[in-house]
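K.L.:
To be precise about what I am sending: the file is called work.pdb and holds PDB, C-alpha atoms, pLDDT in the B column.
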```pdb
ATOM      1  CA  MET A   1      29.019  51.768  13.948  1.00 74.00           C
ATOM      2  CA  ALA A   2      26.551  49.532  15.695  1.00 75.00           C
ATOM      3  CA  ARG A   3      29.308  46.982  16.347  1.00 76.00           C
ATOM      4  CA  CYS A   4      31.474  49.586  18.135  1.00 71.00           C
ATOM      5  CA  TYR A   5      28.537  50.634  20.277  1.00 73.00           C
ATOM      6  CA  THR A   6      27.815  47.007  21.146  1.00 75.00           C
ATOM      7  CA  LEU A   7      31.473  46.398  22.024  1.00 64.00           C
ATOM      8  CA  LEU A   8      31.562  49.441  24.310  1.00 69.00           C
ATOM      9  CA  GLN A   9      28.393  48.350  26.104  1.00 74.00           C
ATOM     10  CA  ASP A  10      29.607  44.779  26.672  1.00 70.00           C
ATOM     11  CA  ARG A  11      31.069  44.451  30.182  1.00 70.00           C
ATOM     12  CA  ARG A  12      32.422  40.897  29.915  1.00 71.00           C
ATOM     13  CA  GLY A  13      36.218  40.763  30.235  1.00 67.00           C
ATOM     14  CA  SER A  14      36.557  44.391  31.328  1.00 73.00           C
ATOM     15  CA  ILE A  15      38.666  43.429  34.351  1.00 79.00           C
ATOM     16  CA  SER A  16      41.166  41.719  32.047  1.00 80.00           C
ATOM     17  CA  VAL A  17      41.491  44.817  29.890  1.00 79.00           C
ATOM     18  CA  MET A  18      41.867  47.127  32.891  1.00 83.00           C
ATOM     19  CA  SER A  19      44.420  44.746  34.458  1.00 86.00           C
ATOM     20  CA  ALA A  20      46.470  44.688  31.268  1.00 87.00           C
ATOM     21  CA  VAL A  21      46.485  48.500  31.083  1.00 87.00           C
ATOM     22  CA  ALA A  22      47.298  48.860  34.797  1.00 91.00           C
ATOM     23  CA  MET A  23      50.135  46.312  34.635  1.00 91.00           C
ATOM     24  CA  SER A  24      51.639  48.121  31.648  1.00 87.00           C
ATOM     25  CA  MET A  25      51.650  51.385  33.593  1.00 88.00           C
ATOM     26  CA  LEU A  26      53.044  49.657  36.703  1.00 89.00           C
ATOM     27  CA  ILE A  27      55.874  48.059  34.749  1.00 86.00           C
ATOM     28  CA  GLY A  28      56.641  51.405  33.073  1.00 82.00           C
ATOM     29  CA  ALA A  29      56.763  53.180  36.436  1.00 85.00           C
ATOM     30  CA  ALA A  30      59.058  50.494  37.857  1.00 85.00           C
ATOM     31  CA  ALA A  31      61.375  50.813  34.850  1.00 83.00           C
ATOM     32  CA  LEU A  32      61.490  54.578  35.266  1.00 84.00           C
ATOM     33  CA  ALA A  33      62.243  54.190  38.982  1.00 87.00           C
ATOM     34  CA  VAL A  34      65.144  51.838  38.222  1.00 88.00           C
ATOM     35  CA  ASP A  35      66.722  54.242  35.724  1.00 87.00           C
ATOM     36  CA  VAL A  36      66.219  57.372  37.845  1.00 87.00           C
ATOM     37  CA  GLY A  37      67.523  55.649  40.976  1.00 91.00           C
ATOM     38  CA  SER A  38      70.538  54.411  39.078  1.00 90.00           C
ATOM     39  CA  PHE A  39      71.238  57.919  37.729  1.00 90.00           C
ATOM     40  CA  TYR A  40      71.139  59.440  41.224  1.00 92.00           C
ATOM     41  CA  LEU A  41      73.411  56.737  42.636  1.00 93.00           C
ATOM     42  CA  ASP A  42      75.955  57.163  39.838  1.00 92.00           C
ATOM     43  CA  ARG A  43      75.790  60.949  40.194  1.00 94.00           C
ATOM     44  CA  ARG A  44      76.555  60.685  43.916  1.00 95.00           C
ATOM     45  CA  LYS A  45      79.500  58.377  43.236  1.00 94.00           C
ATOM     46  CA  LEU A  46      80.794  60.757  40.565  1.00 94.00           C
ATOM     47  CA  GLN A  47      80.458  63.695  42.971  1.00 94.00           C
ATOM     48  CA  GLY A  48      82.528  61.843  45.595  1.00 94.00           C
ATOM     49  CA  ILE A  49      85.240  61.121  43.037  1.00 94.00           C
ATOM     50  CA  ALA A  50      85.176  64.767  41.893  1.00 94.00           C
ATOM     51  CA  ASP A  51      85.549  65.969  45.503  1.00 94.00           C
ATOM     52  CA  ALA A  52      88.544  63.694  46.111  1.00 93.00           C
ATOM     53  CA  ALA A  53      90.140  64.638  42.774  1.00 94.00           C
ATOM     54  CA  ALA A  54      89.757  68.374  43.477  1.00 94.00           C
ATOM     55  CA  LEU A  55      91.363  68.054  46.910  1.00 92.00           C
ATOM     56  CA  ALA A  56      94.237  66.013  45.489  1.00 92.00           C
ATOM     57  CA  ALA A  57      94.739  68.492  42.653  1.00 93.00           C
ATOM     58  CA  ALA A  58      94.699  71.462  45.022  1.00 90.00           C
ATOM     59  CA  GLY A  59      97.359  69.776  47.147  1.00 88.00           C
ATOM     60  CA  ARG A  60      99.719  69.372  44.178  1.00 88.00           C
ATOM     61  CA  PRO A  61     100.400  72.788  42.612  1.00 87.00           C
ATOM     62  CA  GLY A  62     101.773  72.392  39.102  1.00 87.00           C
ATOM     63  CA  GLN A  63     100.663  68.739  38.912  1.00 91.00           C
ATOM     64  CA  GLU A  64      96.922  69.243  39.230  1.00 91.00           C
ATOM     65  CA  ARG A  65      95.805  67.125  36.266  1.00 93.00           C
ATOM     66  CA  THR A  66      98.104  64.226  37.144  1.00 93.00           C
ATOM     67  CA  ALA A  67      96.893  64.174  40.743  1.00 93.00           C
ATOM     68  CA  ALA A  68      93.252  64.282  39.673  1.00 93.00           C
ATOM     69  CA  GLU A  69      93.746  61.496  37.120  1.00 93.00           C
ATOM     70  CA  ARG A  70      95.373  59.304  39.787  1.00 94.00           C
ATOM     71  CA  ILE A  71      92.404  59.715  42.105  1.00 93.00           C
ATOM     72  CA  ILE A  72      89.946  58.995  39.299  1.00 93.00           C
ATOM     73  CA  ALA A  73      91.833  55.848  38.262  1.00 92.00           C
ATOM     74  CA  ALA A  74      92.048  54.640  41.862  1.00 92.00           C
ATOM     75  CA  ASN A  75      88.313  55.065  42.470  1.00 90.00           C
ATOM     76  CA  CYS A  76      86.689  53.940  39.252  1.00 81.00           C
ATOM     77  CA  ASP A  77      87.533  52.365  35.920  1.00 74.00           C
ATOM     78  CA  CYS A  78      84.393  53.691  34.251  1.00 82.00           C
ATOM     79  CA  ASN A  79      85.448  56.170  31.543  1.00 88.00           C
ATOM     80  CA  ILE A  80      85.308  59.346  33.615  1.00 93.00           C
ATOM     81  CA  VAL A  81      86.449  62.388  31.632  1.00 92.00           C
ATOM     82  CA  ILE A  82      87.889  65.585  33.095  1.00 94.00           C
ATOM     83  CA  ALA A  83      85.751  68.117  31.230  1.00 94.00           C
ATOM     84  CA  SER A  84      87.572  71.081  32.771  1.00 94.00           C
ATOM     85  CA  LEU A  85      90.221  71.731  35.392  1.00 94.00           C
ATOM     86  CA  THR A  86      90.799  75.361  36.360  1.00 92.00           C
ATOM     87  CA  SER A  87      93.346  76.629  38.858  1.00 92.00           C
ATOM     88  CA  GLY A  88      92.566  79.768  40.766  1.00 91.00           C
ATOM     89  CA  THR A  89      92.138  81.459  44.096  1.00 89.00           C
ATOM     90  CA  TYR A  90      89.587  80.593  46.744  1.00 89.00           C
ATOM     91  CA  ARG A  91      88.616  83.055  49.470  1.00 87.00           C
ATOM     92  CA  ALA A  92      86.869  81.505  52.474  1.00 85.00           C
ATOM     93  CA  ASP A  93      84.888  84.653  53.211  1.00 86.00           C
ATOM     94  CA  PRO A  94      81.369  83.980  54.550  1.00 89.00           C
ATOM     95  CA  THR A  95      80.203  87.413  53.407  1.00 91.00           C
ATOM     96  CA  ILE A  96      80.714  86.372  49.763  1.00 90.00           C
ATOM     97  CA  GLN A  97      78.247  84.013  48.100  1.00 90.00           C
ATOM     98  CA  ALA A  98      79.611  80.466  47.805  1.00 84.00           C
ATOM     99  CA  GLU A  99      79.554  80.491  43.993  1.00 84.00           C
ATOM    100  CA  GLN A 100      81.697  83.642  43.877  1.00 87.00           C
ATOM    101  CA  ARG A 101      84.445  82.606  46.318  1.00 86.00           C
ATOM    102  CA  PHE A 102      86.507  80.947  43.560  1.00 88.00           C
ATOM    103  CA  SER A 103      88.145  83.131  40.951  1.00 87.00           C
ATOM    104  CA  PRO A 104      90.158  81.581  38.102  1.00 89.00           C
ATOM    105  CA  GLY A 105      93.790  82.506  37.710  1.00 86.00           C
ATOM    106  CA  GLY A 106      95.512  84.887  40.069  1.00 80.00           C
ATOM    107  CA  SER A 107      99.034  85.115  41.420  1.00 81.00           C
ATOM    108  CA  ALA A 108      98.543  83.151  44.661  1.00 82.00           C
ATOM    109  CA  GLN A 109      96.633  80.136  43.396  1.00 85.00           C
ATOM    110  CA  ASN A 110      95.383  77.890  46.179  1.00 87.00           C
ATOM    111  CA  ALA A 111      92.383  76.124  44.650  1.00 91.00           C
ATOM    112  CA  VAL A 112      91.193  73.980  41.764  1.00 93.00           C
ATOM    113  CA  ARG A 113      87.738  73.753  40.197  1.00 93.00           C
ATOM    114  CA  ILE A 114      87.113  70.470  38.400  1.00 95.00           C
ATOM    115  CA  VAL A 115      84.226  69.232  36.259  1.00 96.00           C
ATOM    116  CA  LEU A 116      83.908  65.489  35.590  1.00 96.00           C
ATOM    117  CA  THR A 117      81.567  63.823  33.109  1.00 95.00           C
ATOM    118  CA  ARG A 118      80.686  60.223  32.395  1.00 94.00           C
ATOM    119  CA  ASP A 119      78.485  58.395  29.907  1.00 91.00           C
ATOM    120  CA  ARG A 120      75.857  56.458  31.823  1.00 89.00           C
ATOM    121  CA  PRO A 121      73.999  53.601  30.077  1.00 86.00           C
ATOM    122  CA  MET A 122      70.223  53.481  30.365  1.00 85.00           C
ATOM    123  CA  PHE A 123      68.448  50.258  31.250  1.00 83.00           C
ATOM    124  CA  PHE A 124      64.809  50.882  30.352  1.00 81.00           C
ATOM    125  CA  GLY A 125      64.920  54.538  29.301  1.00 76.00           C
ATOM    126  CA  ARG A 126      66.186  53.595  25.850  1.00 78.00           C
ATOM    127  CA  PHE A 127      62.680  52.440  24.966  1.00 77.00           C
ATOM    128  CA  LEU A 128      61.301  55.900  25.705  1.00 74.00           C
ATOM    129  CA  THR A 129      64.168  58.102  24.523  1.00 75.00           C
ATOM    130  CA  GLY A 130      65.776  55.986  21.815  1.00 80.00           C
ATOM    131  CA  ARG A 131      69.233  56.651  23.291  1.00 82.00           C
ATOM    132  CA  ASP A 132      71.450  53.995  24.845  1.00 85.00           C
ATOM    133  CA  ALA A 133      73.223  56.360  27.249  1.00 86.00           C
ATOM    134  CA  THR A 134      73.127  59.783  28.815  1.00 87.00           C
ATOM    135  CA  VAL A 135      75.869  62.011  30.235  1.00 91.00           C
ATOM    136  CA  ILE A 136      76.062  62.748  33.953  1.00 93.00           C
ATOM    137  CA  GLY A 137      78.377  65.341  35.427  1.00 94.00           C
ATOM    138  CA  ALA A 138      79.713  66.657  38.712  1.00 95.00           C
ATOM    139  CA  SER A 139      81.697  69.771  39.582  1.00 93.00           C
ATOM    140  CA  THR A 140      83.463  70.870  42.723  1.00 93.00           C
ATOM    141  CA  THR A 141      86.125  73.198  44.059  1.00 92.00           C
ATOM    142  CA  GLY A 142      88.985  72.079  46.264  1.00 91.00           C
ATOM    143  CA  ALA A 143      91.268  74.468  48.124  1.00 90.00           C
ATOM    144  CA  ARG A 144      94.333  74.134  50.278  1.00 87.00           C
ATOM    145  CA  GLN A 145      94.961  76.250  53.324  1.00 81.00           C
ATOM    146  CA  GLY A 146      98.522  76.947  54.368  1.00 73.00           C
ATOM    147  CA  TYR A 147      98.960  76.020  57.997  1.00 72.00           C
ATOM    148  CA  ALA A 148     102.111  75.415  59.984  1.00 68.00           C
ATOM    149  CA  ALA A 149     102.062  73.279  63.089  1.00 65.00           C
ATOM    150  CA  PHE A 150     104.488  71.782  65.532  1.00 62.00           C
ATOM    151  CA  SER A 151     104.175  70.169  68.904  1.00 65.00           C
ATOM    152  CA  LEU A 152     106.149  70.679  72.061  1.00 66.00           C
ATOM    153  CA  GLY A 153     108.861  68.115  72.494  1.00 64.00           C
ATOM    154  CA  SER A 154     109.109  67.373  68.791  1.00 60.00           C
ATOM    155  CA  ARG A 155     112.423  69.277  68.495  1.00 63.00           C
ATOM    156  CA  VAL A 156     111.151  71.026  65.337  1.00 64.00           C
ATOM    157  CA  ALA A 157     111.527  74.407  67.017  1.00 63.00           C
ATOM    158  CA  ALA A 158     113.788  75.391  69.825  1.00 64.00           C
ATOM    159  CA  LEU A 159     113.955  78.387  72.125  1.00 65.00           C
ATOM    160  CA  HIS A 160     117.278  79.245  73.761  1.00 67.00           C
ATOM    161  CA  GLY A 161     117.824  81.970  76.275  1.00 62.00           C
TER
END
```
Here is the file; what I need is its structure written in the form of structure tokens.
P.N.:
Amino acid sequence: MARCYTLLQDRRGSISVMSAVAMSMLIGAAALAVDVGSFYLDRRKLQGIADAAALAAAGRPGQERTAAERIIAANCDCNIVIASLTSGTYRADPTIQAEQRFSPGGSAQNAVRIVLTRDRPMFFGRFLTGRDATVIGASTTGARQGYAAFSLGSRVAALHG
């Protein structure tokens, strides 16, 4: 017991011990920042791919999955999985909450809701969690609006008499 008390009272080398502890915490914080920053970047990329896939799928009624898979393959070769793809109806009514504007199914389908997932490897987080990867996901809704347009002089429409 006396040896422990003597060791605690001795101030020689205390800066070395505090530096070692501080550097360990600094390295741990840097590792966490790398993993978290990488997760956010990959999530943003996945969200962009999901947005493009939903718009492509909404523009191809009856071929939604094929259109979405083409967009995914064109943007990334990184094992993105279509977790769900639901066709339905979207009403662009500002009086309705945004989450409730899409309704699955319906007779006049004009929209697609898509959920994409991807396994994302961890760099330093595996030391803390014991896992080599985690799953990130993104969901979005894409809708098509039916518009008709023509310009004067294009000879698409004519008016006689």
K.L.:
Any chance you could work out the residue set of the PyMOL selection byres ((chain A and resi 145) around 12) here, as a ChimeraX atom specification?
P.N.:
/A:55,58-59,89-92,108-111,142-144,146-148
K.L.:
Take atom CA of A:Thr141 and atom CA of A:Glu99 and report the distance between them in Å, one decimal.
P.N.:
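Atom-to-atom, atom CA of A:Thr141 to atom CA of A:Glu99, that is 9.8 Å.
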K.L.:
I'd like the box whose edges run along x, y and z of the file and which contains every listed atom of stretch 108-114 of chain A, padded by 3 Å per side; could you state its centre and edge lengths in Å, one decimal, as AutoDock Vina command-line options?
P.N.:
```
--center_x 92.8 --center_y 76.8 --center_z 42.3 --size_x 17.4 --size_y 18.7 --size_z 13.8
```
K.L.:
To one decimal in Å, tell me the separation between atom CA of A:Asp35 and atom CA of A:Ser139.
P.N.:
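Spanning atom CA of A:Asp35 to atom CA of A:Ser139 is a straight-line distance of 21.9 Å.
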K.L.:
Mind checking which residues fall within 12 Å of A:Glu64, counting all atoms listed in the file, ignoring those fewer than 3 positions away in the same chain, and posting them as number ranges by chain?
P.N.:
A: 53-61, 67-71, 82, 84-88, 109-114, 142-143
K.L.:
Quick one: distance from atom CA of A:Leu46 to atom CA of A:Asp93 in Å, one decimal?
P.N.:
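For atom CA of A:Leu46 relative to atom CA of A:Asp93, the distance reads 27.3 Å.
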K.L.:
Taking 4 positions as the minimum chain separation for residues in the same chain, which residues sit within 10 Å of A:Gly137 when counting all atoms listed in the file? Answer as a VMD selection string.
P.N.:
chain A and resid 42 to 44 46 to 47 50 80 to 83 115 to 120
K.L.:
Taking C-alpha atoms for each residue, export the selection above as a PDB file, keeping the file's coordinate frame.
P.N.:
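Done, and the output landed in result.pdb:
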```pdb
ATOM      1  CA  ASP A  42      75.955  57.163  39.838  1.00 92.00           C
ATOM      2  CA  ARG A  43      75.790  60.949  40.194  1.00 94.00           C
ATOM      3  CA  ARG A  44      76.555  60.685  43.916  1.00 95.00           C
ATOM      4  CA  LEU A  46      80.794  60.757  40.565  1.00 94.00           C
ATOM      5  CA  GLN A  47      80.458  63.695  42.971  1.00 94.00           C
ATOM      6  CA  ALA A  50      85.176  64.767  41.893  1.00 94.00           C
ATOM      7  CA  ILE A  80      85.308  59.346  33.615  1.00 93.00           C
ATOM      8  CA  VAL A  81      86.449  62.388  31.632  1.00 92.00           C
ATOM      9  CA  ILE A  82      87.889  65.585  33.095  1.00 94.00           C
ATOM     10  CA  ALA A  83      85.751  68.117  31.230  1.00 94.00           C
ATOM     11  CA  VAL A 115      84.226  69.232  36.259  1.00 96.00           C
ATOM     12  CA  LEU A 116      83.908  65.489  35.590  1.00 96.00           C
ATOM     13  CA  THR A 117      81.567  63.823  33.109  1.00 95.00           C
ATOM     14  CA  ARG A 118      80.686  60.223  32.395  1.00 94.00           C
ATOM     15  CA  ASP A 119      78.485  58.395  29.907  1.00 91.00           C
ATOM     16  CA  ARG A 120      75.857  56.458  31.823  1.00 89.00           C
TER      17      ARG A 120
END
```
K.L.:
Fewer than 6 positions away in the same chain doesn't count, so skip those; otherwise give me all residues within 12 Å of A:Arg131, counting only C-alpha atoms, as a PyMOL selection string.
P.N.:
chain A and resi 119-125
K.L.:
For each of A:Ile49, A:Val21, A:Ile96, A:Ala133, take the minimum atom-to-atom distance to A:Ala74, counting all atoms listed in the file, then give the residue where this is smallest.
P.N.:
A:Ile49
K.L.:
My list of candidates is A:Val36, A:Thr95, A:Ala138, A:Arg65. Which is closest to A:Gly48 when distances are computed with only C-alpha atoms?
P.N.:
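Smallest distance to A:Gly48 is found for A:Ala138.
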